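Colleague: Quick one: this structure, given as structure tokens, is what I'll be asking you about.
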Amino acid sequence: MTVTTRFAPSPTGYLHVGGARTALFSWLYARKHGGQFILRIEDTDLERSTKESVQAIFDGMDWLGLNYDTEPTFQTQNFPRYKEIIAKLLETGHAYYCDCSKEELEILREQQMAAKEKPRYNGKCRDANKPQNEKTVVRFKTPIDGEITIPDLVKGNITVANKELDDLVIARADGSPTYNLTVVVDDMDMKITHVIRGDDHINNTPRQINILKALNAPLPEYAHLPMILGSDGARLSKRHGAVSVMQFRDEGYLPQALLNYLVRLGWSHGDQEIFSIAEMIEFFDLNDVNGAASTFNMEKLLWLNHHYLMHSEPADIVSHLVWHLGVIGIDANVDKSVDLVELIKAQRERCKTLVEMANASRYFYQEFETYDEKAAKKAFSEGSDNVLLELKNAFAALDLWEKEALHDVVKNTAEKLALGLGKVAQPLRVAVCGSGVSPSINITLALLGREKTVARLQRAISYIQAV
């Protein structure tokens with residue numbers, strides 16, 4: 001048996017954190033067992049489904065690197081198959097037509113709630129052999145007796161008595177299928193072996209199992225993942241900050257960091273915190289998923305992101321930094337004057353996100369309009385123009401533009417002028433960067449290049465002399 005899992009989002013909004021974790025766990029399980037991972041777009045809610053949301057799902061999966069093994073499927077393309085299965089259930093006596101009006105059902109609901117009973121359909125049309133017309137829906141005939149036991153791979157056995165379930169609608173009056181019917185048909189036809197999804201679907205599972213049994217279809221194994229909470233203990237939502245996967249990209253997180261964070265939301269492997277993708281695949285086991293809800297901690301994610309910036313191969317970060325530079329108007333694919341690998345090495349210790357790194361690197365590409373007022377006041381003191389002139393001439397005459405030689409120029413200038421190293425390096429830093437903060441000065445100059453360095457030194461000299 002080939003292990004086959006699926007991620008089945010509804011395209012009614014962005015790909016959120018909870019969905020991304022479900023996708024990750026499903027993907028990991030398939031990869032661990034050498035199986036198939038399928039992306040299924042459940043777009044039967046025609047009023048709420050949008051092309052933008054479909055694209056957001058594709059973008060999120062692509063950014064996270066959760067590749068799927070077949071072309072994505074869309075439920076709206078499968079309506080003839082759903083119609084065929086509904087007809088089969090009617091033919092075999094597992095479904096029936098119901099013409100109860102909305103008003104009747106609302107009165108029934110109110111009466112049941114007043115009597116403190118669980119609201120459910122009372123089966124009025126179950127054995128009435130109602131004919132089909134433009135007002136009839138199709139209901140599944142849920143077994144009256146017995147019970148359904150779900151051997152859940154996360155939560156253990158979950159048992160539900162059939163008498164607790166009503167006869168759910170599987171086709172609306174216009175003939176369109178409902179969620180529980182489409183899911184069953186797709187899982188059956190796709191030969192899904194493991195349904196890994198959020199525990200908000202637990203109430204649907206016994207209903208879906210009953211339909212699968214009526215179709216004599218094999219039952220998949222189920223794993224219901226606990227929800228993700230915000231810091232206040234409420235279900236994670238927009239008010240807690242970023243919840244869209246692509247918003248995390250926009251805020252400067254690496255996909256590896258988000259994946260590592262998500263895999264640890266409810267799953268553990270001993271005390272290990274940092275996992276490569278290969279390790280996730282090797283160690284992942286649904287039996288190790290915690291059945292309790294997890295709390296999303298932005299500080300922990302930020303710590304992880306900085307860890308990945310610090311310890312990843314810089315070459316693996318380049319494309320992500322290029323994207324963020326593009327956001328602030330720098331096309332690093334065209335302007336290749338800066339060595340991006342060296343830039344990442346220089347900036348990553350003090351930058352926790354790629355947004356910080358991109359903004360901190362502006363001056364390597366763009367001219368700054370003004371100097372930081374506080375830094376300039378301190379660094380551009382009397383005589384600092386002479387220091388910068390000495391540096392400018394030395395840099396202009398330098399044979400080899402590399403870190404050691406640049407360091408020697410700064411050091412030799414300080415000795416020549418009988419000044420402390422800081423009295424030379426800090427005016428130089430403000431002159432070429434516009435502020436008093438940068439990587440070590442020799443690395444900064446090496447990345448900036450001779451032409452920009454000399455030009456900015458001349459600009460600073462003119463600025464000091466004009467004040």
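By order in the structure tokens, chains are A, B, ...; within a chain, residues start at 1; ligands start at 1, following the order shown.
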Could you pull out all residues of range 1-36 of chain A with a DSSP call of alpha helix (DSSP H) and give them as a list of chain:residue names?
Modeller: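 Taking range 1-36 of chain A and keeping alpha helix (DSSP H) only, one gets A:Val17, A:Gly18, A:Gly19, A:Ala20, A:Arg21, A:Thr22, A:Ala23, A:Leu24, A:Phe25, A:Ser26, A:Trp27, A:Leu28, A:Tyr29, A:Ala30, A:Arg31, A:Lys32.
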Colleague: For Val263 in chain A, list every protein, DNA or RNA residue within 9 Å, evaluated using only C-alpha atoms, and leave out those in the same chain fewer than 2 positions away; present the list as a list in words.
Modeller: Arg21, Leu24, Phe25, Leu258, Leu259, Asn260, Tyr261, Leu265, Gly266, Trp267, Ser268, Phe275, Met280 and Phe284 of chain A
Colleague: Write out as a ChimeraX atom specification which residues come within 6 Å of range 225-229 of chain A when counting only C-alpha atoms, dropping same-chain ones fewer than 6 positions away.
Modeller: /A:197-199,235-236,291-295
Colleague: Take the residues just selected and output them with N, CA and C atoms as a PDB file, in the first residue's frame.
Modeller:
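Dumped everything to out14.pdb:
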```pdb
ATOM      1  N   ARG A 197      -5.611  16.297   9.445  1.00  0.00           N
ATOM      2  CA  ARG A 197      -6.292  17.591   9.374  1.00  0.00           C
ATOM      3  C   ARG A 197      -6.539  18.126  10.787  1.00  0.00           C
ATOM      4  N   GLY A 198      -7.064  19.350  10.878  1.00  0.00           N
ATOM      5  CA  GLY A 198      -7.305  19.975  12.166  1.00  0.00           C
ATOM      6  C   GLY A 198      -8.420  19.287  12.931  1.00  0.00           C
ATOM      7  N   ASP A 199      -8.384  19.408  14.258  1.00  0.00           N
ATOM      8  CA  ASP A 199      -9.398  18.716  15.055  1.00  0.00           C
ATOM      9  C   ASP A 199     -10.757  19.408  15.013  1.00  0.00           C
ATOM     10  N   ARG A 235      -8.066  31.192  20.110  1.00  0.00           N
ATOM     11  CA  ARG A 235      -7.640  30.646  18.829  1.00  0.00           C
ATOM     12  C   ARG A 235      -6.872  31.694  18.031  1.00  0.00           C
ATOM     13  N   LEU A 236      -5.778  31.280  17.410  1.00  0.00           N
ATOM     14  CA  LEU A 236      -4.915  32.204  16.676  1.00  0.00           C
ATOM     15  C   LEU A 236      -5.714  32.919  15.596  1.00  0.00           C
ATOM     16  N   GLY A 291      -1.677  15.812  21.687  1.00  0.00           N
ATOM     17  CA  GLY A 291      -3.102  16.035  21.465  1.00  0.00           C
ATOM     18  C   GLY A 291      -3.617  17.349  21.997  1.00  0.00           C
ATOM     19  N   ALA A 292      -2.801  18.052  22.787  1.00  0.00           N
ATOM     20  CA  ALA A 292      -3.232  19.329  23.356  1.00  0.00           C
ATOM     21  C   ALA A 292      -2.915  20.483  22.411  1.00  0.00           C
ATOM     22  N   ALA A 293      -3.648  21.581  22.569  1.00  0.00           N
ATOM     23  CA  ALA A 293      -3.428  22.758  21.724  1.00  0.00           C
ATOM     24  C   ALA A 293      -2.039  23.347  21.968  1.00  0.00           C
ATOM     25  N   SER A 294      -1.510  24.018  20.947  1.00  0.00           N
ATOM     26  CA  SER A 294      -0.195  24.655  21.033  1.00  0.00           C
ATOM     27  C   SER A 294      -0.352  26.171  21.017  1.00  0.00           C
ATOM     28  N   THR A 295       0.591  26.864  21.609  1.00  0.00           N
ATOM     29  CA  THR A 295       0.559  28.328  21.653  1.00  0.00           C
ATOM     30  C   THR A 295       1.623  28.899  20.727  1.00  0.00           C
TER      31      THR A 295
END
```
Colleague: For range 27-34 of chain A, list every protein, DNA or RNA residue within 10 Å, evaluated using only C-alpha atoms, and leave out those in the same chain fewer than 3 positions away; present the list as a PDB file with C-alpha atoms, in the first residue's frame.
Modeller:
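Here's the written file selection-v9.pdb:
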```
ATOM      1  CA  THR A   2       1.355   3.400  -1.007  1.00  0.00           C
ATOM      2  CA  VAL A   3       0.917   5.978   1.717  1.00  0.00           C
ATOM      3  CA  THR A   4      -1.090   8.857   0.225  1.00  0.00           C
ATOM      4  CA  THR A   5      -1.891  12.062   2.073  1.00  0.00           C
ATOM      5  CA  ARG A   6      -3.557  15.261   0.984  1.00  0.00           C
ATOM      6  CA  PHE A   7      -3.805  18.904   1.940  1.00  0.00           C
ATOM      7  CA  ARG A  21       1.170  23.181   9.734  1.00  0.00           C
ATOM      8  CA  THR A  22      -1.443  20.684   8.515  1.00  0.00           C
ATOM      9  CA  ALA A  23       0.159  20.750   5.060  1.00  0.00           C
ATOM     10  CA  LEU A  24       3.618  20.272   6.592  1.00  0.00           C
ATOM     11  CA  PHE A  37       1.309  14.060  -1.252  1.00  0.00           C
ATOM     12  CA  ILE A  38      -1.665  15.622  -3.049  1.00  0.00           C
ATOM     13  CA  LEU A  39      -2.888  19.227  -3.084  1.00  0.00           C
ATOM     14  CA  LEU A  66       6.015  21.812   0.197  1.00  0.00           C
ATOM     15  CA  ASN A  67       5.975  20.249  -3.250  1.00  0.00           C
ATOM     16  CA  TYR A  68       3.077  18.019  -4.300  1.00  0.00           C
ATOM     17  CA  THR A 193      -4.605   6.345   3.154  1.00  0.00           C
ATOM     18  CA  HIS A 194      -4.105   8.954   5.889  1.00  0.00           C
ATOM     19  CA  ILE A 196      -4.300  14.466   8.533  1.00  0.00           C
ATOM     20  CA  VAL A 263       6.920  21.351  13.076  1.00  0.00           C
ATOM     21  CA  ILE A 277      14.133  19.258   6.398  1.00  0.00           C
ATOM     22  CA  ALA A 278      15.923  15.904   6.132  1.00  0.00           C
ATOM     23  CA  MET A 280      12.049  16.382   9.967  1.00  0.00           C
ATOM     24  CA  ILE A 281      11.350  13.667   7.413  1.00  0.00           C
ATOM     25  CA  GLU A 282      13.521  11.132   9.222  1.00  0.00           C
ATOM     26  CA  PHE A 283      12.106  11.694  12.702  1.00  0.00           C
ATOM     27  CA  PHE A 284       8.482  12.692  12.072  1.00  0.00           C
ATOM     28  CA  ASP A 285       5.878  10.330  13.532  1.00  0.00           C
ATOM     29  CA  LEU A 286       2.192  11.055  14.090  1.00  0.00           C
TER      30      LEU A 286
END
```
Colleague: Might you pull out every residue within 7 Å of range 44-56 of chain A, with only C-alpha atoms counted and same-chain residues fewer than 2 positions away left off, and present them as a PyMOL selection string?
Modeller: chain A and resi 11-15+42+58-60+75-76
Colleague: Residues of range 206-450 of chain A classed as strand (DSSP E or B) by DSSP on the backbone are to be reported as a ChimeraX atom specification.
Modeller: /A:221-225,228-229,235,244,267,289,294-295
Colleague: Skip Asp174 in chain A itself and residues of its chain fewer than 5 positions away, then list as a ChimeraX atom specification all residues within 12 Å of it, counting only C-alpha atoms.
Modeller: /A:83,132-138
Colleague: Would you work out the distance separating CA of Lys392 in chain A from CA of Asp335 in chain A, expressed in Å to one decimal?
Modeller: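 Going from CA of Lys392 in chain A over to CA of Asp335 in chain A covers 24.4 Å.
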Colleague: Can you tell me how far CA of Ile148 in chain A sits from CA of Pro220 in chain A, in Å to one decimal?
Modeller: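 These two atoms are separated by 13.8 Å.
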Colleague: Which of these, A:Val338, A:Leu219, A:Val409, A:Met357, has the shortest distance to Ala446 in chain A once you count only C-alpha atoms?
Modeller: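 So, comparing all the options, the nearest one is A:Val338.
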Colleague: Which residues are close to Val245 in chain A, i.e. within 8 Å by only C-alpha atoms, leaving aside same-chain residues fewer than 2 positions away? Reply as a list of chain:residue names.
Modeller: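 These residues fall inside the cut-off: A:Tyr14, A:Leu15, A:His16, A:Val17, A:Ala20, A:Gly60, A:Ala242, A:Val243, A:Gln247, A:Phe248, A:Arg249.
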Colleague: Could you save the residues just selected, with N, CA and C atoms, as a PDB file, in the first residue's frame?
Modeller:
```
ATOM      1  N   TYR A  14      -6.344  33.678   2.691  1.00  0.00           N
ATOM      2  CA  TYR A  14      -4.928  33.360   2.598  1.00  0.00           C
ATOM      3  C   TYR A  14      -4.631  31.968   3.165  1.00  0.00           C
ATOM      4  N   LEU A  15      -3.437  31.463   2.912  1.00  0.00           N
ATOM      5  CA  LEU A  15      -2.971  30.228   3.558  1.00  0.00           C
ATOM      6  C   LEU A  15      -2.487  30.624   4.951  1.00  0.00           C
ATOM      7  N   HIS A  16      -3.206  30.179   5.971  1.00  0.00           N
ATOM      8  CA  HIS A  16      -2.868  30.600   7.330  1.00  0.00           C
ATOM      9  C   HIS A  16      -1.945  29.597   8.014  1.00  0.00           C
ATOM     10  N   VAL A  17      -1.478  29.972   9.189  1.00  0.00           N
ATOM     11  CA  VAL A  17      -0.496  29.177   9.919  1.00  0.00           C
ATOM     12  C   VAL A  17      -1.011  27.776  10.218  1.00  0.00           C
ATOM     13  N   ALA A  20      -0.918  25.754   7.113  1.00  0.00           N
ATOM     14  CA  ALA A  20       0.463  25.442   6.740  1.00  0.00           C
ATOM     15  C   ALA A  20       1.012  24.301   7.588  1.00  0.00           C
ATOM     16  N   GLY A  60       2.026  30.202  -1.090  1.00  0.00           N
ATOM     17  CA  GLY A  60       2.457  29.759   0.233  1.00  0.00           C
ATOM     18  C   GLY A  60       3.130  28.407   0.194  1.00  0.00           C
ATOM     19  N   ALA A 242       0.834  38.391  12.605  1.00  0.00           N
ATOM     20  CA  ALA A 242       0.864  37.691  11.316  1.00  0.00           C
ATOM     21  C   ALA A 242       0.325  36.272  11.459  1.00  0.00           C
ATOM     22  N   VAL A 243      -0.648  35.928  10.645  1.00  0.00           N
ATOM     23  CA  VAL A 243      -1.122  34.551  10.609  1.00  0.00           C
ATOM     24  C   VAL A 243      -1.099  33.994   9.188  1.00  0.00           C
ATOM     25  N   GLN A 247       2.521  36.643   4.815  1.00  0.00           N
ATOM     26  CA  GLN A 247       2.830  37.802   5.650  1.00  0.00           C
ATOM     27  C   GLN A 247       4.139  37.577   6.403  1.00  0.00           C
ATOM     28  N   PHE A 248       4.396  36.326   6.774  1.00  0.00           N
ATOM     29  CA  PHE A 248       5.674  36.018   7.415  1.00  0.00           C
ATOM     30  C   PHE A 248       6.826  36.248   6.437  1.00  0.00           C
ATOM     31  N   ARG A 249       6.621  35.885   5.172  1.00  0.00           N
ATOM     32  CA  ARG A 249       7.644  36.205   4.168  1.00  0.00           C
ATOM     33  C   ARG A 249       7.852  37.711   4.092  1.00  0.00           C
TER      34      ARG A 249
END
```
Colleague: With distances taken over only C-alpha atoms, which of A:Lys102, A:Leu421, A:Leu388, A:Met246 is nearest to Met61 in chain A?
Modeller: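 The shortest atom-to-atom distance to Met61 in chain A comes from A:Met246.
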Colleague: Compare A:Lys423, A:Lys452, A:His311, A:His269 by their minimum atom-to-atom distance to Glu382 in chain A, counting only C-alpha atoms, and give me the closest one.
Modeller: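 Counting only C-alpha atoms, the residue closest to Glu382 in chain A is A:Lys423.
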